[in-house]
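What follows is the content of start_18.cif, which has mmCIF, C-alpha atoms:
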```
data_entry
#
loop_
_atom_site.label_atom_id
_atom_site.label_comp_id
_atom_site.auth_asym_id
_atom_site.auth_seq_id
_atom_site.Cartn_x
_atom_site.Cartn_y
_atom_site.Cartn_z
CA MET R 25 109.62 -67.12 5.52
CA THR R 26 106.18 -65.75 4.66
CA THR R 27 105.24 -62.79 6.81
CA ALA R 28 102.07 -60.95 7.87
CA PHE R 29 101.80 -57.71 9.84
CA LEU R 30 99.08 -57.45 12.52
CA PHE R 31 97.77 -54.22 14.08
CA PRO R 32 96.36 -54.15 17.63
CA GLY R 33 92.97 -52.97 18.82
CA GLN R 34 91.56 -51.14 21.81
CA GLY R 35 92.88 -52.27 25.18
CA SER R 36 96.52 -52.33 24.07
CA GLN R 37 97.07 -48.63 24.81
CA ALA R 38 99.46 -47.56 27.57
CA VAL R 39 100.63 -44.13 28.69
CA GLY R 40 104.12 -43.51 27.32
CA MET R 41 103.77 -45.76 24.29
CA GLY R 42 105.83 -44.56 21.36
CA LYS R 43 107.74 -41.94 23.34
CA ALA R 44 111.11 -43.71 23.10
CA LEU R 45 110.40 -44.40 19.43
CA ALA R 46 109.69 -40.73 18.71
CA GLU R 47 112.81 -39.64 20.60
CA ALA R 48 114.95 -42.08 18.60
CA HIS R 49 113.44 -41.69 15.12
CA PRO R 50 112.30 -38.54 13.29
CA GLU R 51 109.95 -40.66 11.12
CA ALA R 52 108.02 -41.66 14.25
CA ARG R 53 107.94 -38.06 15.54
CA ALA R 54 106.48 -36.97 12.21
CA VAL R 55 103.60 -39.46 12.51
CA PHE R 56 102.57 -38.19 15.95
CA ALA R 57 102.86 -34.58 14.75
CA GLU R 58 100.66 -35.28 11.72
CA VAL R 59 98.01 -36.97 13.87
CA ASP R 60 98.06 -33.98 16.26
CA ALA R 61 97.56 -31.64 13.28
CA ALA R 62 94.76 -33.75 11.80
CA LEU R 63 92.85 -33.71 15.11
CA SER R 64 93.75 -30.08 15.96
CA GLU R 65 94.92 -31.13 19.41
CA LYS R 66 98.01 -32.55 21.10
CA LEU R 67 96.93 -36.18 21.30
CA SER R 68 100.64 -37.02 21.55
CA ASP R 69 100.77 -35.28 24.93
CA ILE R 70 97.97 -37.53 26.22
CA ILE R 71 99.66 -40.61 24.73
CA TRP R 72 103.02 -39.87 26.35
CA ASN R 73 101.98 -38.20 29.60
CA GLY R 74 98.43 -39.33 30.34
CA PRO R 75 96.42 -39.38 32.43
CA ALA R 76 95.50 -43.00 31.68
CA GLU R 77 91.75 -42.33 32.06
CA THR R 78 91.93 -39.75 29.26
CA LEU R 79 93.95 -41.99 26.96
CA THR R 80 91.52 -44.87 27.60
CA LEU R 81 88.53 -42.84 26.35
CA THR R 82 87.44 -44.54 23.14
CA GLN R 83 87.73 -41.34 21.09
CA ASN R 84 91.38 -41.01 22.16
CA ALA R 85 92.47 -44.64 22.36
CA GLN R 86 91.48 -45.43 18.78
CA PRO R 87 93.51 -42.74 16.96
CA ALA R 88 96.31 -43.11 19.55
CA LEU R 89 96.79 -46.82 18.86
CA MET R 90 96.76 -46.17 15.13
CA ALA R 91 99.38 -43.42 15.53
CA MET R 92 101.58 -45.81 17.49
CA SER R 93 101.27 -48.51 14.82
CA LEU R 94 101.98 -46.14 11.94
CA ALA R 95 104.97 -44.64 13.77
CA VAL R 96 106.48 -48.14 13.92
CA MET R 97 105.64 -48.69 10.24
CA ARG R 98 107.33 -45.47 9.13
CA VAL R 99 110.52 -46.38 11.00
CA LEU R 100 110.54 -49.88 9.49
CA GLU R 101 110.06 -48.38 6.03
CA ALA R 102 112.84 -45.85 6.59
CA LYS R 103 115.12 -48.75 7.54
CA GLY R 104 114.43 -50.59 4.30
CA VAL R 105 111.33 -52.69 4.89
CA ASP R 106 109.13 -52.73 1.78
CA LEU R 107 105.58 -53.84 2.60
CA LYS R 108 104.70 -54.78 -0.97
CA SER R 109 107.66 -57.09 -1.54
CA GLN R 110 108.26 -58.44 1.97
CA VAL R 111 104.82 -58.89 3.54
CA ALA R 112 102.12 -61.25 2.25
CA CYS R 113 99.15 -59.56 3.93
CA VAL R 114 98.08 -57.32 6.81
CA ALA R 115 95.18 -57.38 9.27
CA GLY R 116 94.06 -55.41 12.29
CA HIS R 117 91.83 -56.22 15.25
CA SER R 118 88.76 -53.94 15.17
CA LEU R 119 90.17 -50.37 15.01
CA GLY R 120 93.44 -52.02 13.95
CA GLU R 121 91.87 -52.68 10.57
CA TYR R 122 92.11 -48.93 9.95
CA SER R 123 95.80 -49.05 10.93
CA ALA R 124 96.31 -51.95 8.52
CA LEU R 125 94.62 -50.02 5.70
CA ALA R 126 96.74 -46.94 6.40
CA ALA R 127 99.91 -49.04 6.49
CA ALA R 128 98.94 -50.58 3.15
CA GLY R 129 98.41 -47.16 1.56
CA ALA R 130 94.63 -47.37 1.23
CA LEU R 131 94.02 -44.44 3.61
CA THR R 132 96.13 -41.38 4.40
CA LEU R 133 97.38 -40.98 7.96
CA SER R 134 95.38 -37.77 8.50
CA ASP R 135 92.13 -39.28 7.19
CA THR R 136 92.63 -42.37 9.33
CA ALA R 137 93.13 -40.25 12.47
CA ARG R 138 89.96 -38.26 11.80
CA LEU R 139 87.94 -41.39 10.96
CA LEU R 140 89.02 -43.09 14.17
CA ARG R 141 88.27 -40.01 16.28
CA LEU R 142 84.75 -39.99 14.79
CA ARG R 143 84.42 -43.77 15.16
CA GLY R 144 85.33 -43.56 18.83
CA GLN R 145 82.90 -40.71 19.47
CA ALA R 146 80.08 -42.39 17.52
CA MET R 147 80.54 -45.76 19.24
CA GLN R 148 80.55 -44.11 22.65
CA ALA R 149 77.40 -42.12 21.86
CA ALA R 150 75.45 -45.02 20.31
CA VAL R 151 74.29 -46.54 23.60
CA PRO R 152 73.56 -44.79 26.93
CA VAL R 153 76.12 -45.68 29.59
CA GLY R 154 75.02 -48.70 31.64
CA GLN R 155 72.59 -50.13 29.09
CA GLY R 156 75.10 -52.27 27.22
CA ALA R 157 77.84 -54.66 28.27
CA MET R 158 80.51 -57.02 26.98
CA ALA R 159 81.84 -60.25 28.48
CA ALA R 160 84.68 -62.62 27.67
CA LEU R 161 83.67 -66.28 27.63
CA LEU R 162 86.70 -68.43 28.42
CA GLY R 163 87.13 -72.07 27.47
CA ILE R 164 84.38 -72.03 24.84
CA ASP R 165 84.45 -72.01 21.05
CA ALA R 166 82.46 -69.75 18.72
CA GLN R 167 79.82 -72.41 18.07
CA GLY R 168 79.11 -72.81 21.78
CA ALA R 169 79.05 -69.04 22.26
CA GLN R 170 76.55 -68.66 19.40
CA LYS R 171 74.19 -71.10 21.13
CA ALA R 172 74.54 -69.24 24.42
CA VAL R 173 73.80 -65.78 22.98
CA ALA R 174 70.83 -67.08 20.96
CA GLU R 175 69.34 -68.62 24.08
CA ALA R 176 70.08 -65.58 26.25
CA ALA R 177 68.74 -62.87 23.91
CA GLN R 178 65.04 -63.20 24.82
CA GLY R 179 64.16 -60.34 22.50
CA GLU R 180 67.20 -58.24 23.42
CA ILE R 181 70.43 -57.75 21.48
CA CYS R 182 73.13 -60.30 22.33
CA GLN R 183 75.83 -61.26 19.83
CA VAL R 184 79.28 -62.73 19.41
CA ALA R 185 81.50 -59.63 19.12
CA ASN R 186 85.01 -61.12 18.84
CA ASP R 187 85.91 -64.70 17.96
CA ASN R 188 89.43 -64.21 19.30
CA ASP R 189 90.92 -67.67 19.62
CA PRO R 190 89.78 -71.29 20.10
CA GLY R 191 89.06 -70.73 23.79
CA GLN R 192 88.10 -67.05 24.04
CA VAL R 193 84.97 -65.46 22.62
CA VAL R 194 83.75 -61.98 23.54
CA ILE R 195 80.01 -61.28 23.53
CA SER R 196 78.22 -57.94 23.40
CA GLY R 197 74.73 -56.51 23.73
CA ALA R 198 72.11 -55.41 26.25
CA LYS R 199 73.51 -55.71 29.78
CA ALA R 200 70.92 -58.17 31.12
CA ALA R 201 71.18 -60.38 28.04
CA VAL R 202 75.00 -60.49 28.24
CA GLU R 203 74.78 -61.43 31.92
CA ARG R 204 72.32 -64.22 31.09
CA ALA R 205 74.56 -65.46 28.28
CA GLY R 206 77.52 -65.63 30.66
CA GLU R 207 75.62 -68.11 32.85
CA ILE R 208 74.10 -70.08 29.96
CA ALA R 209 77.51 -70.41 28.28
CA LYS R 210 78.70 -72.66 31.09
CA LYS R 211 76.48 -75.49 29.91
CA TYR R 212 78.07 -75.15 26.44
CA GLY R 213 81.61 -75.51 27.75
CA ALA R 214 82.63 -72.08 29.09
CA LYS R 215 84.86 -72.34 32.16
CA ARG R 216 83.91 -68.83 33.18
CA ALA R 217 82.42 -65.57 31.98
CA MET R 218 84.20 -62.32 32.75
CA MET R 219 82.39 -59.01 32.42
CA LEU R 220 84.65 -56.49 30.68
CA ASN R 221 85.33 -52.94 31.82
CA VAL R 222 84.33 -51.24 28.56
CA SER R 223 82.47 -48.02 27.90
CA ALA R 224 80.04 -49.39 25.30
CA PRO R 225 78.85 -52.70 23.77
CA PHE R 226 81.04 -52.80 20.66
CA HIS R 227 80.46 -55.04 17.62
CA CYS R 228 76.75 -55.68 18.06
CA ALA R 229 73.53 -54.31 16.56
CA LEU R 230 73.26 -51.65 19.30
CA MET R 231 76.11 -49.91 17.44
CA GLN R 232 73.95 -49.22 14.37
CA PRO R 233 73.96 -45.40 14.92
CA ALA R 234 77.78 -45.54 14.85
CA ALA R 235 77.71 -47.67 11.69
CA ASP R 236 75.48 -45.05 10.04
CA ALA R 237 77.90 -42.28 11.05
CA MET R 238 80.85 -44.22 9.62
CA ARG R 239 79.01 -44.86 6.36
CA LEU R 240 78.62 -41.11 5.86
CA ALA R 241 82.22 -40.34 6.87
CA LEU R 242 83.78 -43.07 4.73
CA ALA R 243 81.83 -41.87 1.69
CA GLN R 244 83.73 -38.56 1.92
CA VAL R 245 87.23 -40.09 2.08
CA GLN R 246 89.45 -41.21 -0.78
CA ILE R 247 90.41 -44.88 -0.52
CA LEU R 248 93.10 -46.36 -2.75
CA LYS R 249 93.83 -49.98 -3.57
CA PRO R 250 96.04 -51.40 -0.78
CA VAL R 251 99.55 -52.44 -1.85
CA VAL R 252 99.11 -55.80 -0.09
CA PRO R 253 95.94 -57.78 0.73
CA VAL R 254 94.11 -56.51 3.82
CA ILE R 255 92.22 -59.24 5.68
CA ALA R 256 88.86 -57.76 6.74
CA ASN R 257 87.46 -58.59 10.19
CA VAL R 258 83.97 -59.39 8.97
CA LEU R 259 85.14 -61.59 6.08
CA ALA R 260 88.23 -63.31 7.49
CA GLY R 261 89.36 -62.76 3.91
CA PRO R 262 90.87 -59.99 1.77
CA VAL R 263 89.12 -56.78 0.69
CA GLY R 264 89.94 -55.27 -2.67
CA ASP R 265 88.44 -52.13 -4.13
CA ALA R 266 87.45 -48.91 -2.36
CA ASP R 267 83.71 -49.65 -2.26
CA ASP R 268 84.33 -53.07 -0.76
CA ILE R 269 86.64 -51.59 1.89
CA ARG R 270 84.02 -48.96 2.81
CA ARG R 271 81.26 -51.57 3.02
CA ARG R 272 83.28 -53.90 5.27
CA LEU R 273 84.38 -51.10 7.61
CA VAL R 274 80.73 -50.13 8.10
CA GLU R 275 79.71 -53.77 8.65
CA GLN R 276 82.53 -54.16 11.16
CA VAL R 277 80.94 -51.67 13.60
CA THR R 278 78.00 -54.01 14.27
CA GLY R 279 79.56 -57.29 13.08
CA THR R 280 81.81 -59.97 14.53
CA VAL R 281 85.59 -59.59 14.52
CA ARG R 282 86.47 -62.99 13.03
CA TRP R 283 90.04 -62.97 14.30
CA ARG R 284 90.49 -66.71 14.84
CA GLU R 285 89.41 -67.41 11.27
CA SER R 286 91.57 -64.57 9.92
CA ILE R 287 94.76 -65.93 11.48
CA ALA R 288 93.89 -69.49 10.48
CA ALA R 289 93.34 -68.33 6.88
CA MET R 290 96.72 -66.58 6.84
CA ALA R 291 98.46 -69.71 8.09
CA ALA R 292 96.61 -71.86 5.55
CA SER R 293 97.88 -69.55 2.78
CA GLY R 294 101.48 -70.12 3.91
CA VAL R 295 102.11 -67.35 6.47
CA ASN R 296 104.49 -68.64 9.15
CA HIS R 297 105.76 -65.40 10.75
CA VAL R 298 103.60 -62.59 12.13
CA TYR R 299 104.69 -59.25 13.61
CA GLU R 300 102.39 -57.22 15.85
CA ILE R 301 103.03 -53.63 14.78
CA GLY R 302 102.42 -51.10 17.55
CA ALA R 303 101.41 -51.29 21.21
CA GLY R 304 101.49 -54.45 23.31
CA LYS R 305 101.57 -58.11 22.38
CA VAL R 306 97.95 -59.26 22.72
CA LEU R 307 97.73 -60.37 19.10
CA CYS R 308 100.96 -62.39 19.37
CA GLY R 309 99.38 -64.43 22.16
CA LEU R 310 96.18 -64.97 20.20
CA ALA R 311 98.11 -65.97 17.08
CA ARG R 312 100.06 -68.64 18.93
CA ARG R 313 96.89 -70.07 20.47
CA ILE R 314 95.17 -70.16 17.08
CA VAL R 315 98.13 -71.65 15.17
CA PRO R 316 100.78 -72.91 17.63
CA THR R 317 103.41 -73.20 14.88
CA LEU R 318 103.28 -69.46 14.06
CA ASP R 319 106.32 -67.41 15.00
CA ALA R 320 104.78 -64.24 16.49
CA LYS R 321 106.76 -61.22 17.69
CA PRO R 322 105.75 -57.73 18.91
CA VAL R 323 107.31 -54.65 17.28
CA GLY R 324 106.73 -51.57 19.40
CA THR R 325 110.03 -50.39 20.84
CA PRO R 326 113.32 -49.30 19.24
CA GLU R 327 114.79 -52.62 20.41
CA ASP R 328 111.92 -54.60 18.85
CA ILE R 329 112.48 -52.77 15.58
CA GLU R 330 116.14 -53.72 15.46
CA THR R 331 115.26 -57.37 16.10
CA ALA R 332 112.58 -57.35 13.40
CA LEU R 333 114.86 -55.62 10.91
CA ALA R 334 117.48 -58.33 11.35
CA ALA R 335 114.93 -60.92 10.24
CA LEU R 336 113.06 -58.88 7.62
CA THR R 337 116.02 -57.43 5.74
CA MET R 338 118.47 -60.35 5.86
#
```
Would you give me this structure, written as structure tokens?
Amino acid sequence: MTTAFLFPGQGSQAVGMGKALAEAHPEARAVFAEVDAALSEKLSDIIWNGPAETLTLTQNAQPALMAMSLAVMRVLEAKGVDLKSQVACVAGHSLGEYSALAAAGALTLSDTARLLRLRGQAMQAAVPVGQGAMAALLGIDAQGAQKAVAEAAQGEICQVANDNDPGQVVISGAKAAVERAGEIAKKYGAKRAMMLNVSAPFHCALMQPAADAMRLALAQVQILKPVVPVIANVLAGPVGDADDIRRRLVEQVTGTVRWRESIAAMAASGVNHVYEIGAGKVLCGLARRIVPTLDAKPVGTPEDIETALAALTM
């Protein structure tokens, strides 16, 4: 089999995630401890004990989800999984791209935690609360969504934020423009538009202040060549050297997460098994809708790890 590892994005967090893993495996405990030290606070306490509203804050959810993913990775590695020889490529959805880069050795765990804390804070601060919005358009493809946002903009920002799968596209921008686009999308095939309960309009031009903040922060961080190809959100293709990785991470703040194309490209290159490393199983569902023949499994609990190990190390 040809395998890819996928790393989840915001929305997959849940209070208690990783607690059983940390209790069972010292490698996982060490990841949460290192993230706590990097952020100079007990993020692990919020992850394991809540409250949910605090964990859901963007500045907490982003490093928390990365910590969960890297805890799973460290346990897999301790049990004999070698990323370089056993995995063809990695990719992450939005913040998950940072998790993928850390898993592939391009970023240190501590730097990734600090970058994601800053990214969360900068994205939250970029747009005053209530001015921006995001909506999921269901039953429409990216081409139809592009027509809807172009028609709805009327001088305001309105963009495709996530091309998630063949029938789900998320749009982002000024609140009134996103609401208009939700109605207009119906004439281009959308079955319905669902406003999302998010704290800011991610992945659109309104996030430019956050992109500028990330450009400055990423310039200060050492980035190494990843040990396996990392599929970048904005390219739906691999990134190579450090400067390219920095550039694409900055572009990602205001650009479209091209997830449907990323998974399709993996499958076209021969990938037939994907594992979602970390919290939840959102990406498994998307992968199966994009390429129905893909075998997609979540790896987030001690039991999941044992199942994955049986397949990966046989």
Identify all residues satisfying the PyMOL selection byres ((chain R and resi 256) around 9) in the given file; provide them as a PyMOL selection string. chain R and resi 115-116+121+254-255+257-263+269+272-273+276+281-282+286
For the selection just defined, write its residues with C-alpha atoms to a file, as a compact mmCIF listing (two decimals), keeping the file's coordinate frame.
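Below is the file that was written, selection-v5.txt:
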```txt
# COMPACT_ATOMS: atom_id res chain seq x y z
CA ALA R 115 95.18 -57.38 9.27
CA GLY R 116 94.06 -55.41 12.29
CA GLU R 121 91.87 -52.68 10.57
CA VAL R 254 94.11 -56.51 3.82
CA ILE R 255 92.22 -59.24 5.68
CA ASN R 257 87.46 -58.59 10.19
CA VAL R 258 83.97 -59.39 8.97
CA LEU R 259 85.14 -61.59 6.08
CA ALA R 260 88.23 -63.31 7.49
CA GLY R 261 89.36 -62.76 3.91
CA PRO R 262 90.87 -59.99 1.77
CA VAL R 263 89.12 -56.78 0.69
CA ILE R 269 86.64 -51.59 1.89
CA ARG R 272 83.28 -53.90 5.27
CA LEU R 273 84.38 -51.10 7.61
CA GLN R 276 82.53 -54.16 11.16
CA VAL R 281 85.59 -59.59 14.52
CA ARG R 282 86.47 -62.99 13.03
CA SER R 286 91.57 -64.57 9.92
```
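Each of R:Ala224, R:Ala150, R:Ala126, R:Ala292 was checked against R:Ile247 using all atoms listed in the file; the smallest atom-to-atom distance is that of R:Ala126.
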Smallest atom-to-atom distance to R:Asp267: which of R:Ala91, R:Gln244, R:Gly179, R:Arg53, using only C-alpha atoms? R:Gln244
What's around R:Ala229 at 6 Å? Count only C-alpha atoms, leave out sequence neighbours fewer than 2 positions away in its own chain, and write the answer as a VMD selection string. chain R and resid 231 to 232 278
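Among the candidates R:Ala149, R:Ala198, R:Val323, R:Leu67, the one nearest to R:Ala303 when counting only C-alpha atoms is R:Val323.
Put simply, atom CA of R:Val245 is 7.1 Å away from atom CA of R:Asp135.
Residues in contact with R:Gln86 at up to 7 Å, not including ones fewer than 6 positions away on its chain and judged by all atoms listed in the file, are Gln34, Leu119, Leu140, Arg141 and Gly144 of chain R.
Residues in contact with R:Val277 at 6 Å, where all atoms listed in the file are counted and same-chain residues fewer than 3 positions away are skipped, are listed as His227, Ala235 and Val274 of chain R.
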Identify all residues satisfying the PyMOL selection byres ((chain R and resi 48) around 12) in the given file; provide them as a count of residues only. 19
Taking 6 positions as the minimum chain separation for residues in the same chain, which residues sit within 10 Å of stretch 214-223 of chain R when counting only C-alpha atoms? Answer as a compact mmCIF listing (two decimals) with C-alpha atoms, in the coordinates of the input.
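Once written, part33.txt looks like this:
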```
# COMPACT_ATOMS: atom_id res chain seq x y z
CA GLN R 34 91.56 -51.14 21.81
CA GLY R 35 92.88 -52.27 25.18
CA THR R 80 91.52 -44.87 27.60
CA LEU R 81 88.53 -42.84 26.35
CA THR R 82 87.44 -44.54 23.14
CA MET R 147 80.54 -45.76 19.24
CA GLN R 148 80.55 -44.11 22.65
CA ALA R 149 77.40 -42.12 21.86
CA VAL R 151 74.29 -46.54 23.60
CA PRO R 152 73.56 -44.79 26.93
CA VAL R 153 76.12 -45.68 29.59
CA GLY R 154 75.02 -48.70 31.64
CA GLY R 156 75.10 -52.27 27.22
CA ALA R 157 77.84 -54.66 28.27
CA MET R 158 80.51 -57.02 26.98
CA ALA R 159 81.84 -60.25 28.48
CA ALA R 160 84.68 -62.62 27.67
CA LEU R 161 83.67 -66.28 27.63
CA LEU R 162 86.70 -68.43 28.42
CA GLY R 163 87.13 -72.07 27.47
CA ILE R 164 84.38 -72.03 24.84
CA ASP R 165 84.45 -72.01 21.05
CA GLY R 168 79.11 -72.81 21.78
CA ALA R 169 79.05 -69.04 22.26
CA ALA R 172 74.54 -69.24 24.42
CA GLY R 191 89.06 -70.73 23.79
CA GLN R 192 88.10 -67.05 24.04
CA VAL R 193 84.97 -65.46 22.62
CA VAL R 194 83.75 -61.98 23.54
CA ILE R 195 80.01 -61.28 23.53
CA SER R 196 78.22 -57.94 23.40
CA LYS R 199 73.51 -55.71 29.78
CA VAL R 202 75.00 -60.49 28.24
CA GLU R 203 74.78 -61.43 31.92
CA ALA R 205 74.56 -65.46 28.28
CA GLY R 206 77.52 -65.63 30.66
CA GLU R 207 75.62 -68.11 32.85
CA ILE R 208 74.10 -70.08 29.96
```
Given the PyMOL selection byres ((chain R and resi 111) around 8) and the file above, list the residues it selects as a CSV table (one decimal) with C-alpha atoms, in the frame of the given file.
```
chain,number,residue,atom,x,y,z
R,26,THR,CA,106.2,-65.8,4.7
R,27,THR,CA,105.2,-62.8,6.8
R,28,ALA,CA,102.1,-61.0,7.9
R,29,PHE,CA,101.8,-57.7,9.8
R,106,ASP,CA,109.1,-52.7,1.8
R,107,LEU,CA,105.6,-53.8,2.6
R,108,LYS,CA,104.7,-54.8,-1.0
R,109,SER,CA,107.7,-57.1,-1.5
R,110,GLN,CA,108.3,-58.4,2.0
R,112,ALA,CA,102.1,-61.2,2.2
R,113,CYS,CA,99.2,-59.6,3.9
R,114,VAL,CA,98.1,-57.3,6.8
R,252,VAL,CA,99.1,-55.8,-0.1
```
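Residue nearest R:Ala88 within the list R:Gln183, R:Asn188, R:Ser123, R:Asn296: R:Ser123 [criterion: smallest interatomic distance, all atoms listed in the file].
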